[in-house]
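Quick look at target28.cif (mmCIF, C-alpha atoms):
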data_data
loop_
_atom_site.label_atom_id
_atom_site.label_comp_id
_atom_site.auth_asym_id
_atom_site.auth_seq_id
_atom_site.Cartn_x
_atom_site.Cartn_y
_atom_site.Cartn_z
CA MET M 1106 0.00 0.00 0.00
CA THR M 1107 1.46 3.31 -1.07
CA LEU M 1108 -0.20 6.67 -1.15
CA ASP M 1109 0.99 9.25 -3.64
CA PHE M 1110 -0.55 12.69 -3.42
CA SER M 1111 1.90 14.36 -5.82
CA THR M 1112 -0.09 13.04 -8.79
CA LEU M 1113 -2.84 15.47 -7.73
CA LEU M 1114 -0.75 18.59 -8.24
CA PRO M 1115 -1.31 18.99 -12.02
CA TYR M 1116 -5.06 19.07 -11.37
CA THR M 1117 -5.24 22.09 -9.05
CA ASP M 1118 -7.25 24.03 -11.66
CA GLU M 1119 -9.94 21.35 -11.86
CA ILE M 1120 -10.26 21.23 -8.08
CA LEU M 1121 -10.54 25.03 -7.90
CA LYS M 1122 -13.14 25.06 -10.66
CA GLY M 1123 -15.17 22.38 -8.87
CA LEU M 1124 -14.80 24.20 -5.56
CA MET M 1125 -16.12 27.44 -7.06
CA THR M 1126 -19.17 25.64 -8.45
CA THR M 1127 -19.95 23.95 -5.15
CA VAL M 1128 -19.58 27.28 -3.33
CA TRP M 1129 -21.79 29.35 -5.62
CA LEU M 1130 -24.46 26.63 -5.80
CA THR M 1131 -24.51 26.56 -2.00
CA VAL M 1132 -24.63 30.34 -1.60
CA VAL M 1133 -27.46 30.82 -4.11
CA THR M 1134 -29.37 27.84 -2.67
CA THR M 1135 -29.06 29.21 0.86
CA PHE M 1136 -30.63 32.57 -0.03
CA VAL M 1137 -33.31 31.37 -2.46
CA GLY M 1138 -34.11 28.26 -0.41
CA ILE M 1139 -34.65 30.21 2.79
CA ALA M 1140 -36.80 32.77 0.95
CA LEU M 1141 -38.90 29.91 -0.46
CA ALA M 1142 -39.19 28.39 3.01
CA ILE M 1143 -40.46 31.67 4.47
CA VAL M 1144 -43.19 31.88 1.81
CA VAL M 1145 -44.16 28.23 2.40
CA ALA M 1146 -44.21 28.72 6.17
CA TYR M 1147 -46.35 31.87 5.79
CA VAL M 1148 -48.95 30.18 3.59
CA ARG M 1149 -49.06 27.06 5.76
CA ASP M 1150 -49.38 29.18 8.90
CA GLY M 1151 -52.44 30.87 7.39
CA GLY M 1152 -54.80 27.95 7.46
CA ARG M 1153 -55.89 24.76 5.80
CA GLY M 1154 -56.79 26.01 2.32
CA ILE M 1155 -55.88 24.31 -0.94
CA ALA M 1156 -52.55 26.21 -1.29
CA SER M 1157 -51.59 25.22 2.22
CA ARG M 1158 -52.38 21.55 1.53
CA LEU M 1159 -50.43 21.54 -1.74
CA LEU M 1160 -47.40 23.07 -0.05
CA GLY M 1161 -47.76 20.53 2.76
CA ALA M 1162 -47.63 17.74 0.17
CA TYR M 1163 -44.53 19.34 -1.41
CA VAL M 1164 -42.79 19.43 1.96
CA GLU M 1165 -43.66 15.81 2.79
CA VAL M 1166 -42.71 14.42 -0.63
CA THR M 1167 -39.39 16.26 -0.57
CA ARG M 1168 -38.54 15.17 2.96
CA ASN M 1169 -39.37 11.53 2.31
CA THR M 1170 -37.54 10.90 -0.97
CA PRO M 1171 -33.77 10.91 -1.66
CA PHE M 1172 -32.19 14.05 -3.12
CA ILE M 1173 -30.59 12.02 -5.94
CA VAL M 1174 -34.04 10.83 -7.09
CA GLN M 1175 -35.40 14.39 -6.99
CA LEU M 1176 -32.42 15.47 -9.08
CA PHE M 1177 -32.91 12.70 -11.67
CA PHE M 1178 -36.64 13.39 -11.79
CA LEU M 1179 -36.05 17.06 -12.63
CA PHE M 1180 -33.07 16.57 -14.95
CA PHE M 1181 -34.41 13.62 -16.95
CA GLY M 1182 -38.14 14.04 -16.38
CA LEU M 1183 -38.70 17.70 -17.27
CA PRO M 1184 -37.11 17.51 -20.78
CA ALA M 1185 -39.25 14.45 -21.49
CA LEU M 1186 -42.28 16.64 -20.76
CA GLY M 1187 -40.99 19.23 -23.23
CA VAL M 1188 -39.35 21.54 -20.68
CA PRO M 1189 -35.66 21.84 -21.62
CA ILE M 1190 -33.44 22.19 -18.57
CA SER M 1191 -29.65 22.37 -18.27
CA ALA M 1192 -27.75 20.29 -15.73
CA THR M 1193 -26.80 23.37 -13.72
CA VAL M 1194 -30.37 24.69 -13.59
CA ALA M 1195 -31.68 21.24 -12.63
CA ALA M 1196 -29.07 21.01 -9.86
CA LEU M 1197 -29.88 24.48 -8.54
CA LEU M 1198 -33.64 23.85 -8.72
CA ALA M 1199 -33.33 20.51 -6.90
CA MET M 1200 -31.15 22.06 -4.18
CA VAL M 1201 -33.47 25.04 -3.68
CA LEU M 1202 -36.59 22.84 -3.51
CA ASN M 1203 -34.84 20.50 -1.09
CA LEU M 1204 -33.59 23.21 1.28
CA GLY M 1205 -36.95 25.02 0.97
CA ALA M 1206 -38.92 22.00 2.18
CA TYR M 1207 -36.67 21.20 5.14
CA THR M 1208 -36.34 24.84 6.19
CA ALA M 1209 -40.10 25.38 5.94
CA GLU M 1210 -40.59 22.55 8.41
CA ILE M 1211 -37.85 23.90 10.70
CA LEU M 1212 -39.44 27.38 10.60
CA ARG M 1213 -42.83 25.90 11.34
CA ALA M 1214 -41.49 24.33 14.52
CA GLY M 1215 -40.14 27.77 15.49
CA ILE M 1216 -43.43 29.46 14.65
CA ASP M 1217 -45.42 26.89 16.63
CA SER M 1218 -43.29 27.57 19.68
CA THR M 1219 -43.96 31.32 19.48
CA ALA M 1220 -46.83 32.05 21.83
CA ARG M 1221 -50.13 32.33 19.96
CA GLY M 1222 -50.97 35.24 22.23
CA GLN M 1223 -48.24 37.35 20.67
CA HIS M 1224 -49.69 36.85 17.22
CA GLU M 1225 -53.17 37.71 18.46
CA ALA M 1226 -51.88 40.77 20.32
CA ALA M 1227 -50.21 42.00 17.12
CA ARG M 1228 -53.44 41.59 15.20
CA ALA M 1229 -55.38 43.35 17.95
CA LEU M 1230 -52.95 46.29 17.68
CA GLY M 1231 -54.01 46.66 14.07
CA LEU M 1232 -51.12 44.99 12.26
CA SER M 1233 -52.13 43.11 9.10
CA ARG M 1234 -51.55 39.35 8.95
CA LEU M 1235 -48.44 39.92 6.82
CA GLN M 1236 -47.10 42.62 9.15
CA SER M 1237 -47.69 40.53 12.24
CA PHE M 1238 -46.08 37.49 10.57
CA ARG M 1239 -43.09 39.53 9.47
CA HIS M 1240 -42.41 41.45 12.68
CA VAL M 1241 -43.87 39.38 15.49
CA VAL M 1242 -43.84 35.75 14.38
CA LEU M 1243 -41.02 35.29 11.87
CA VAL M 1244 -38.09 37.08 13.47
CA PRO M 1245 -38.24 35.38 16.89
CA ALA M 1246 -38.99 32.03 15.22
CA PHE M 1247 -36.01 32.54 12.92
CA SER M 1248 -33.63 33.32 15.75
CA ARG M 1249 -34.89 30.34 17.75
CA VAL M 1250 -34.37 27.81 14.95
CA TYR M 1251 -31.19 29.42 13.60
CA PRO M 1252 -28.91 26.57 14.83
CA SER M 1253 -31.06 23.96 13.03
CA LEU M 1254 -31.02 26.18 9.97
CA ILE M 1255 -27.21 26.22 9.94
CA SER M 1256 -27.11 22.41 10.13
CA GLN M 1257 -29.64 22.10 7.32
CA CYS M 1258 -27.68 24.38 4.99
CA ILE M 1259 -24.54 22.35 5.69
CA ILE M 1260 -26.46 19.13 4.94
CA VAL M 1261 -27.58 20.58 1.60
CA MET M 1262 -24.01 21.70 0.79
CA LEU M 1263 -22.68 18.20 1.51
CA GLY M 1264 -25.60 16.64 -0.36
CA SER M 1265 -24.74 18.75 -3.41
CA ALA M 1266 -21.91 16.25 -4.09
CA VAL M 1267 -24.64 14.28 -5.88
CA VAL M 1268 -25.07 16.88 -8.65
CA SER M 1269 -21.84 15.48 -10.12
CA GLN M 1270 -24.02 12.56 -11.25
CA ILE M 1271 -25.77 14.76 -13.83
CA SER M 1272 -22.34 16.07 -14.88
CA VAL M 1273 -22.35 19.45 -13.16
CA PHE M 1274 -18.66 20.32 -12.69
CA ASP M 1275 -18.69 20.56 -8.91
CA LEU M 1276 -16.05 19.42 -6.42
CA THR M 1277 -17.08 15.77 -6.65
CA TYR M 1278 -17.15 15.90 -10.45
CA ALA M 1279 -13.59 17.24 -10.32
CA ALA M 1280 -12.63 14.30 -8.09
CA ASN M 1281 -14.21 11.78 -10.48
CA PHE M 1282 -12.52 13.51 -13.41
CA ILE M 1283 -9.07 13.38 -11.80
CA GLN M 1284 -9.58 9.81 -10.65
CA SER M 1285 -10.35 8.75 -14.21
CA ARG M 1286 -7.02 10.30 -15.36
CA ASN M 1287 -4.50 9.38 -12.67
CA PHE M 1288 -6.20 6.27 -11.25
CA ARG M 1289 -5.43 7.46 -7.74
CA GLY M 1290 -9.00 7.19 -6.48
CA PHE M 1291 -8.30 7.01 -2.78
CA GLU M 1292 -5.91 9.97 -2.67
CA VAL M 1293 -8.21 12.17 -4.76
CA TYR M 1294 -11.32 11.39 -2.73
CA LEU M 1295 -9.43 11.84 0.54
CA VAL M 1296 -8.26 15.33 -0.43
CA VAL M 1297 -11.67 16.35 -1.77
CA THR M 1298 -13.40 14.99 1.34
CA LEU M 1299 -11.13 17.18 3.47
CA ILE M 1300 -12.05 20.18 1.32
CA TYR M 1301 -15.73 19.44 1.98
CA LEU M 1302 -14.96 19.24 5.69
CA LEU M 1303 -13.30 22.66 5.57
CA LEU M 1304 -16.26 24.03 3.60
CA ALA M 1305 -18.65 22.72 6.26
CA VAL M 1306 -16.61 24.34 9.04
CA GLY M 1307 -16.34 27.59 7.05
CA LEU M 1308 -20.07 27.68 6.33
CA ARG M 1309 -20.85 27.18 10.02
CA LEU M 1310 -18.49 29.98 11.06
CA ALA M 1311 -19.95 32.33 8.41
CA PHE M 1312 -23.49 31.55 9.57
CA GLU M 1313 -22.59 32.11 13.21
CA PHE M 1314 -20.96 35.43 12.36
CA VAL M 1315 -24.01 36.60 10.41
CA GLY M 1316 -26.31 35.27 13.16
CA ARG M 1317 -24.58 37.35 15.82
CA ARG M 1318 -25.11 40.50 13.72
CA LEU M 1319 -28.63 39.57 12.64
CA PHE M 1320 -30.05 38.79 16.05
CA ALA M 1321 -27.94 41.16 18.13
CA PHE M 1322 -31.01 43.28 18.88
CA LEU M 1323 -32.82 40.24 20.29
CA GLN M 1324 -30.03 39.48 22.72
CA GLY M 1325 -30.16 43.11 23.84
CA GLY M 1326 -33.60 42.43 25.31
CA SER M 1327 -35.30 45.00 23.11
CA SER M 1328 -37.92 42.57 21.83
CA MET F 685 -36.02 -3.25 -29.00
CA THR F 686 -38.62 -4.58 -26.66
CA ASP F 687 -41.44 -2.44 -25.41
CA PHE F 688 -41.75 -1.97 -21.67
CA THR F 689 -45.20 -2.07 -20.20
CA LEU F 690 -45.90 -0.17 -17.01
CA TRP F 691 -46.08 -3.50 -15.21
CA ASP F 692 -42.59 -4.46 -16.43
CA ILE F 693 -41.25 -1.25 -14.96
CA VAL F 694 -43.11 -1.61 -11.67
CA ARG F 695 -42.11 -5.27 -11.31
CA ASN F 696 -38.42 -4.55 -11.88
CA LEU F 697 -38.50 -1.64 -9.46
CA LEU F 698 -40.16 -3.79 -6.82
CA LEU F 699 -37.52 -6.50 -7.26
CA ALA F 700 -34.73 -3.94 -6.87
CA GLY F 701 -36.58 -2.31 -3.98
CA ARG F 702 -35.89 -5.43 -1.94
CA TRP F 703 -32.20 -4.52 -1.92
CA THR F 704 -32.97 -0.98 -0.76
CA VAL F 705 -34.82 -2.53 2.19
CA VAL F 706 -32.07 -5.08 2.93
CA LEU F 707 -29.28 -2.49 2.71
CA SER F 708 -31.27 -0.12 4.96
CA LEU F 709 -31.71 -2.88 7.55
CA ILE F 710 -28.01 -3.80 7.46
CA ALA F 711 -26.97 -0.15 7.78
CA PHE F 712 -29.42 0.50 10.59
CA ALA F 713 -28.66 -2.65 12.59
CA GLY F 714 -24.89 -2.29 12.12
CA GLY F 715 -25.05 1.44 12.78
CA ALA F 716 -27.05 0.90 15.97
CA CYS F 717 -24.49 -1.62 17.33
CA VAL F 718 -21.46 0.56 16.54
CA GLY F 719 -23.36 3.68 17.58
CA LEU F 720 -24.23 2.22 21.00
CA MET F 721 -20.60 1.32 21.67
CA LEU F 722 -19.50 4.80 20.60
CA THR F 723 -22.12 6.40 22.84
CA LEU F 724 -20.88 4.42 25.85
CA LEU F 725 -17.27 5.37 25.06
CA ARG F 726 -18.24 9.00 24.51
CA MET F 727 -20.08 9.22 27.84
CA GLY F 728 -17.62 7.30 29.98
CA GLY F 729 -14.10 6.59 28.91
CA LEU F 730 -10.93 8.60 29.26
CA TRP F 731 -10.67 12.00 27.67
CA PRO F 732 -8.55 10.83 24.66
CA ILE F 733 -11.24 8.24 23.85
CA ARG F 734 -14.05 10.77 24.23
CA TRP F 735 -12.12 13.16 22.02
CA LEU F 736 -11.57 10.46 19.37
CA VAL F 737 -15.28 9.55 19.31
CA ARG F 738 -16.15 13.21 18.93
CA LEU F 739 -13.70 13.54 16.04
CA TYR F 740 -15.23 10.44 14.42
CA VAL F 741 -18.75 11.89 14.69
CA ASP F 742 -17.65 15.30 13.36
CA LEU F 743 -15.83 13.71 10.42
CA PHE F 744 -18.87 11.72 9.32
CA GLN F 745 -21.27 14.59 9.88
CA GLY F 746 -19.04 17.10 8.12
CA THR F 747 -18.36 15.21 4.88
CA PRO F 748 -20.67 14.05 2.06
CA LEU F 749 -22.01 10.50 2.31
CA LEU F 750 -21.12 10.11 -1.36
CA MET F 751 -17.44 10.74 -0.53
CA GLN F 752 -17.62 8.24 2.33
CA LEU F 753 -18.90 5.65 -0.13
CA PHE F 754 -16.12 6.41 -2.62
CA LEU F 755 -13.49 6.26 0.12
CA ALA F 756 -14.79 2.91 1.38
CA TYR F 757 -14.78 1.56 -2.14
CA PHE F 758 -11.35 2.87 -3.19
CA GLY F 759 -9.84 2.66 0.29
CA ALA F 760 -10.37 -1.09 0.37
CA ALA F 761 -8.59 -1.36 -2.96
CA VAL F 762 -5.61 0.59 -1.61
CA LEU F 763 -5.45 -1.78 1.36
CA GLY F 764 -5.40 -4.68 -1.08
CA PHE F 765 -8.96 -5.92 -0.68
CA ASP F 766 -11.12 -6.33 -3.72
CA ILE F 767 -14.52 -5.62 -2.22
CA SER F 768 -17.90 -5.64 -3.88
CA ALA F 769 -20.27 -2.66 -4.07
CA TRP F 770 -22.39 -4.59 -1.51
CA THR F 771 -19.61 -4.61 1.08
CA ALA F 772 -18.48 -1.05 0.42
CA ALA F 773 -22.04 0.27 0.67
CA SER F 774 -22.76 -1.73 3.84
CA VAL F 775 -19.57 -0.57 5.56
CA ALA F 776 -19.91 3.10 4.56
CA LEU F 777 -23.60 3.31 5.49
CA THR F 778 -23.02 1.49 8.79
CA LEU F 779 -20.28 3.94 9.80
CA PHE F 780 -22.35 6.92 8.62
CA THR F 781 -25.38 5.71 10.62
CA SER F 782 -23.31 4.97 13.73
CA ALA F 783 -21.92 8.52 13.81
CA PHE F 784 -25.36 10.14 13.62
CA LEU F 785 -26.96 7.71 16.11
CA CYS F 786 -24.05 8.27 18.52
CA ASP F 787 -24.72 12.01 18.37
CA ILE F 788 -28.49 11.57 18.85
CA TRP F 789 -28.09 9.13 21.75
CA ARG F 790 -25.42 11.20 23.47
CA GLY F 791 -27.94 14.04 23.55
CA CYS F 792 -30.54 11.71 25.10
CA VAL F 793 -28.16 10.43 27.78
CA GLU F 794 -27.14 13.99 28.63
CA ALA F 795 -30.80 14.95 28.90
CA VAL F 796 -31.21 12.62 31.90
CA PRO F 797 -30.82 14.88 34.98
CA SER F 798 -27.35 14.62 36.57
CA GLY F 799 -28.95 13.96 39.97
CA GLN F 800 -29.85 10.51 38.66
CA TRP F 801 -26.17 9.80 38.03
CA GLN F 802 -25.11 11.02 41.43
CA ALA F 803 -27.84 9.04 43.18
CA ALA F 804 -26.85 5.85 41.34
CA ARG F 805 -23.16 6.30 42.15
CA VAL F 806 -23.91 7.12 45.80
CA LEU F 807 -25.89 3.87 46.03
CA GLY F 808 -22.68 2.06 45.10
CA LEU F 809 -23.36 1.26 41.45
CA ASN F 810 -20.34 1.48 39.17
CA TYR F 811 -20.32 3.30 35.80
CA LEU F 812 -21.70 0.41 33.74
CA GLN F 813 -24.29 -0.53 36.37
CA SER F 814 -25.54 3.06 36.67
CA MET F 815 -25.71 3.28 32.88
CA ARG F 816 -27.48 -0.05 32.52
CA HIS F 817 -30.04 0.24 35.35
CA VAL F 818 -30.59 3.95 35.84
CA ILE F 819 -29.57 6.12 32.91
CA LEU F 820 -30.20 4.04 29.79
CA PRO F 821 -33.81 3.09 30.64
CA GLN F 822 -34.63 6.80 30.96
CA ALA F 823 -32.55 7.85 27.97
CA LEU F 824 -34.17 5.13 25.85
CA ARG F 825 -37.58 6.73 26.22
CA LEU F 826 -36.20 10.02 24.89
CA ALA F 827 -34.20 8.29 22.17
CA VAL F 828 -36.97 6.43 20.37
CA PRO F 829 -38.59 9.30 18.42
CA PRO F 830 -35.37 10.81 16.97
CA THR F 831 -34.02 7.32 16.22
CA VAL F 832 -37.12 6.40 14.23
CA GLY F 833 -36.85 9.77 12.51
CA PHE F 834 -33.23 9.12 11.58
CA SER F 835 -34.11 5.74 10.02
CA VAL F 836 -35.69 7.80 7.22
CA GLN F 837 -32.29 9.38 6.53
CA VAL F 838 -30.73 5.91 6.38
CA ILE F 839 -33.24 4.68 3.80
CA LYS F 840 -32.69 7.82 1.70
CA GLY F 841 -28.94 7.42 2.15
CA THR F 842 -28.99 3.97 0.54
CA ALA F 843 -29.95 5.69 -2.74
CA LEU F 844 -26.35 6.90 -3.00
CA ALA F 845 -25.11 3.29 -3.13
CA SER F 846 -26.42 3.36 -6.71
CA VAL F 847 -23.47 5.61 -7.60
CA ILE F 848 -20.88 2.91 -6.82
CA GLY F 849 -22.90 0.42 -8.85
CA PHE F 850 -25.03 -1.25 -6.20
CA VAL F 851 -28.31 -2.18 -7.87
CA GLU F 852 -31.10 -0.97 -5.62
CA LEU F 853 -34.21 1.12 -6.31
CA THR F 854 -32.43 4.20 -7.72
CA LYS F 855 -29.93 2.25 -9.83
CA ALA F 856 -32.76 0.08 -11.18
CA GLY F 857 -34.55 3.32 -12.09
CA THR F 858 -31.60 4.66 -14.09
CA MET F 859 -31.04 1.29 -15.78
CA LEU F 860 -34.72 0.97 -16.71
CA ASN F 861 -34.67 4.53 -17.99
CA ASN F 862 -31.72 3.74 -20.26
CA ALA F 863 -33.73 0.90 -21.79
CA ALA F 864 -37.30 2.20 -21.76
CA PHE F 865 -36.67 5.96 -21.83
CA ALA F 866 -39.69 7.04 -19.82
CA PRO F 867 -37.87 9.19 -17.24
CA PHE F 868 -40.91 11.02 -15.90
CA THR F 869 -42.84 7.84 -15.11
CA ILE F 870 -39.84 5.85 -13.92
CA PHE F 871 -38.38 8.43 -11.55
CA ALA F 872 -41.86 9.29 -10.25
CA LEU F 873 -42.30 5.59 -9.44
CA VAL F 874 -38.85 5.40 -7.83
CA ALA F 875 -39.72 8.43 -5.70
CA LEU F 876 -43.04 6.82 -4.81
CA GLY F 877 -41.17 3.69 -3.68
CA TYR F 878 -39.03 5.69 -1.26
CA PHE F 879 -42.05 7.68 -0.13
CA ILE F 880 -43.94 4.48 0.73
CA LEU F 881 -40.96 3.31 2.80
CA CYS F 882 -40.20 6.64 4.48
CA TYR F 883 -43.50 8.43 5.04
CA PRO F 884 -44.95 5.96 7.57
CA LEU F 885 -41.70 6.15 9.54
CA SER F 886 -41.78 9.97 9.47
CA ARG F 887 -45.36 9.99 10.67
CA TYR F 888 -44.61 7.43 13.38
CA ALA F 889 -41.61 9.47 14.59
CA ARG F 890 -43.78 12.57 14.80
CA TYR F 891 -46.50 10.65 16.64
CA LEU F 892 -43.98 9.29 19.18
CA GLU F 893 -42.56 12.76 19.70
CA ARG F 894 -45.99 14.23 20.39
CA LYS F 895 -46.78 11.41 22.78
CA LEU F 896 -43.51 11.92 24.65
CA TYR F 897 -43.74 15.68 25.00
CA GLY F 898 -47.47 15.82 25.57
CA ALA F 899 -50.08 17.64 23.56
CA GLY F 900 -48.66 21.03 24.51
CA SER F 901 -47.68 22.04 20.99
CA ARG F 902 -50.26 22.30 18.28
#

Please render this file's structure as C-alpha cells.
Amino acid sequence: MTLDFSTLLPYTDEILKGLMTTVWLTVVTTFVGIALAIVVAYVRDGGRGIASRLLGAYVEVTRNTPFIVQLFFLFFGLPALGVPISATVAALLAMVLNLGAYTAEILRAGIDSTARGQHEAARALGLSRLQSFRHVVLVPAFSRVYPSLISQCIIVMLGSAVVSQISVFDLTYAANFIQSRNFRGFEVYLVVTLIYLLLAVGLRLAFEFVGRRLFAFLQGGSS
Amino acid sequence: MTDFTLWDIVRNLLLAGRWTVVLSLIAFAGGACVGLMLTLLRMGGLWPIRWLVRLYVDLFQGTPLLMQLFLAYFGAAVLGFDISAWTAASVALTLFTSAFLCDIWRGCVEAVPSGQWQAARVLGLNYLQSMRHVILPQALRLAVPPTVGFSVQVIKGTALASVIGFVELTKAGTMLNNAAFAPFTIFALVALGYFILCYPLSRYARYLERKLYGAGSR
C-alpha cells in the first residue's frame, strides 16, 4: 500500500473550478431556499386552504424521498415533458426545492413555539396578517431555529456532491474527473473529502458570524 | 427493442426495492451496534477516547455520504482488498449511521438529569451498572422518536449506493430509464417507492414525539 498525493498537483485548476461551483451553488441555494421556506411557512401558517395543503404535500414528498431521485426526476423528467433544462439549472432547482422544504418545516417548529398570544396581540394592535407574521412571528422564530437552519444548509451543501451525477462540474465531479485520469482514487477522494470538511466548518463559522449580527437586537432584550 | 409495459417497470422496481430494504436494515442494525458502543465510550471513557469519538462523529457529519462511499470503495482497494459494491455500501452506510446515532443518543443520555447519576453512584453502582439500570432506561424513552426519525435518513442514504454500482431502487430506475426511456414515469415511481418506505416512519416518529412531549404544541 502506497499513497501518492503528488499526482494530484497537475489538477489544481480542476479542483478550484469544482470548488467554485460547489460554493456558488450553495450560496445561491441558501438565499433562495430560505426565501422559499419563508413563503411556504407563511402560507401554511395561514390555514388549511388548498394552497396550504399543496405546499404541505410538497414538503412531505421532498422530505421523504432521496435528493438524488429528486435530481434525476427534474433533470431527466422535465425535458421528457418538453421543458428543456440544463444540468446546472436542474441542480440548482433541486437544491433550492430541497432546502426550501426542510427549512419550511424547521421554521414551522419555530413558529409553533412562538406564543399564539403574541400573534393575536399583534393583530389586535391593528397589524395586518403579513405585518404581524413579518415582525412578530417570523423574526423570533427565525432566531430560535437558527442553529437547526445552519445544520440544514450544511447538509444541503454536503448533499450537493450528488449533482456530479448529472455532470455538473462541482467538487465531486472534479474528483471523479481526476480519478479517471491518474487512477489514484483514494488519494483524490481523501483530499476532496477534506475540502468538503473545511467548507462545512467555514459555512458554520460564516453563519454564526451573520447570526450574531442579525439577532444582536434580540439578545439586547429590546424585543 | 422490446417495449416496456408499465407492469414491467413496476415489477423490476419492486424487485430492486428489496435490496434498498435489505441495505437499509443492514446499515441501521450495524449502525445501531457501533453507535451504541461509541455512545458508551463518549459518555464514559478517558478524555482521549471521548475526544476520538467526537472527532469520528464530526468527520462523518461534516463530509458528504457520497465521498464516504467512494473512500470505502477505493480505500479497500488501496489496502489490497477487492470488495464488492455490496460490502463497500454496507460498511460506509453502517459507519455513517453509527456517527449520527451516537450524536443523537449522546444528547438523550445527557438529557437525563445529573442527579440521577449522582444518586446511582452514591448507592454504590459502578459506571456500567448506573448506565445499565438507571440512565439508559430513561434515555431510551427520549431516544426512540429521533431514532425512528433518523431511520428515514438511512433509507434515503442507501440511494447513494447506486453511484458505486449497487443495484437498488435508484440504480434500477436509471437502468430501466436507459432501456425504456420514460424518465418522468420511472423516476416518479422510484420516488413513490421511497415515499412508501419513508413516510410511515416519518409519521410514526412525529407521533412518538408528540406522545412523549405531551399535547402542549399544536

Worksheet item: Suppose you want the space between atom CA of M:Glu1165 and atom CA of F:Tyr883; what is it in Å?
Response: 7.7 Å

Practice prompt. Using the chain letters and residue numbers of this document, give as an NGL selection string the residues selected by the PyMOL selection byres ((chain F) within 9 of (chain M)).
Written response: :F and (743 or 745-752 or 754-764 or 836-837 or 839-844 or 847 or 854 or 858 or 865-872 or 874-883 or 886 or 901-902)

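Proximity to F:Leu698 was assessed for F:Leu853, F:Val832, F:Ala863, F:Leu826 counting all atoms listed in the file; the smallest distance is recorded for F:Leu853.
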
Fill in: Selection result of the PyMOL selection byres ((chain M and resi 1148) around 12) on this file, as a PyMOL selection string
chain M and resi 1141-1147+1149-1161+1209+1213+1234-1235+1238

Starting from the displayed file, determine the output of the PyMOL selection byres ((chain M and resi 1258) around 12) and express the residue list as a CSV table (one decimal) with C-alpha atoms, keeping the file's coordinate frame.
chain,number,residue,atom,x,y,z
M,1128,VAL,CA,-19.6,27.3,-3.3
M,1130,LEU,CA,-24.5,26.6,-5.8
M,1131,THR,CA,-24.5,26.6,-2.0
M,1132,VAL,CA,-24.6,30.3,-1.6
M,1133,VAL,CA,-27.5,30.8,-4.1
M,1134,THR,CA,-29.4,27.8,-2.7
M,1135,THR,CA,-29.1,29.2,0.9
M,1136,PHE,CA,-30.6,32.6,0.0
M,1137,VAL,CA,-33.3,31.4,-2.5
M,1138,GLY,CA,-34.1,28.3,-0.4
M,1139,ILE,CA,-34.6,30.2,2.8
M,1200,MET,CA,-31.2,22.1,-4.2
M,1201,VAL,CA,-33.5,25.0,-3.7
M,1203,ASN,CA,-34.8,20.5,-1.1
M,1204,LEU,CA,-33.6,23.2,1.3
M,1205,GLY,CA,-37.0,25.0,1.0
M,1206,ALA,CA,-38.9,22.0,2.2
M,1207,TYR,CA,-36.7,21.2,5.1
M,1208,THR,CA,-36.3,24.8,6.2
M,1211,ILE,CA,-37.8,23.9,10.7
M,1251,TYR,CA,-31.2,29.4,13.6
M,1252,PRO,CA,-28.9,26.6,14.8
M,1253,SER,CA,-31.1,24.0,13.0
M,1254,LEU,CA,-31.0,26.2,10.0
M,1255,ILE,CA,-27.2,26.2,9.9
M,1256,SER,CA,-27.1,22.4,10.1
M,1257,GLN,CA,-29.6,22.1,7.3
M,1259,ILE,CA,-24.5,22.4,5.7
M,1260,ILE,CA,-26.5,19.1,4.9
M,1261,VAL,CA,-27.6,20.6,1.6
M,1262,MET,CA,-24.0,21.7,0.8
M,1263,LEU,CA,-22.7,18.2,1.5
M,1264,GLY,CA,-25.6,16.6,-0.4
M,1265,SER,CA,-24.7,18.8,-3.4
M,1304,LEU,CA,-16.3,24.0,3.6
M,1305,ALA,CA,-18.6,22.7,6.3
M,1306,VAL,CA,-16.6,24.3,9.0
M,1307,GLY,CA,-16.3,27.6,7.0
M,1308,LEU,CA,-20.1,27.7,6.3
M,1309,ARG,CA,-20.8,27.2,10.0
M,1311,ALA,CA,-20.0,32.3,8.4
M,1312,PHE,CA,-23.5,31.6,9.6
F,746,GLY,CA,-19.0,17.1,8.1

Fill in: Of the listed residues M:Leu1310, M:Val1296, M:Val1273, M:Val1250, that which approaches M:Gly1123 most closely, counting all atoms listed in the file
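Looking only at the distances to M:Gly1123, the closest residue turns out to be M:Val1273.
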
Discussion item. Would you compute the distance between atom CA of F:Pro797 and atom CA of M:Ala1246? Give it in Å to one decimal.
Written reply: 27.4 Å

Worksheet item: In Å, how far is it from atom CA of F:Trp731 to atom CA of F:Val718?
Response: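 Interatomic distance here is 19.3 Å.
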
Item to complete: Might you pull out every residue within 10 Å of F:Ala711, with all atoms listed in the file counted and same-chain residues fewer than 3 positions away left off, and present them as a VMD selection string?
Response: chain F and resid 705 to 708 714 to 717 773 to 782 835 838 to 839 841 to 842

Enclose the full set of atoms of stretch 1116-1122 of chain M listed in the file within a box whose edges lie along x, y and z, apply 3 Å of padding to each of the six sides, and report centre and edge lengths in Å to one decimal as lines of an AutoDock Vina configuration file.
center_x = -9.1
center_y = 22.1
center_z = -9.9
size_x = 14.1
size_y = 12.0
size_z = 10.0

Fill in: Of the listed residues F:Leu809, F:Leu724, F:Gly857, F:Ala772, that which approaches F:Ala845 most closely, counting all atoms listed in the file
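Comparing F:Leu809, F:Leu724, F:Gly857, F:Ala772 against F:Ala845, the winner is F:Ala772.
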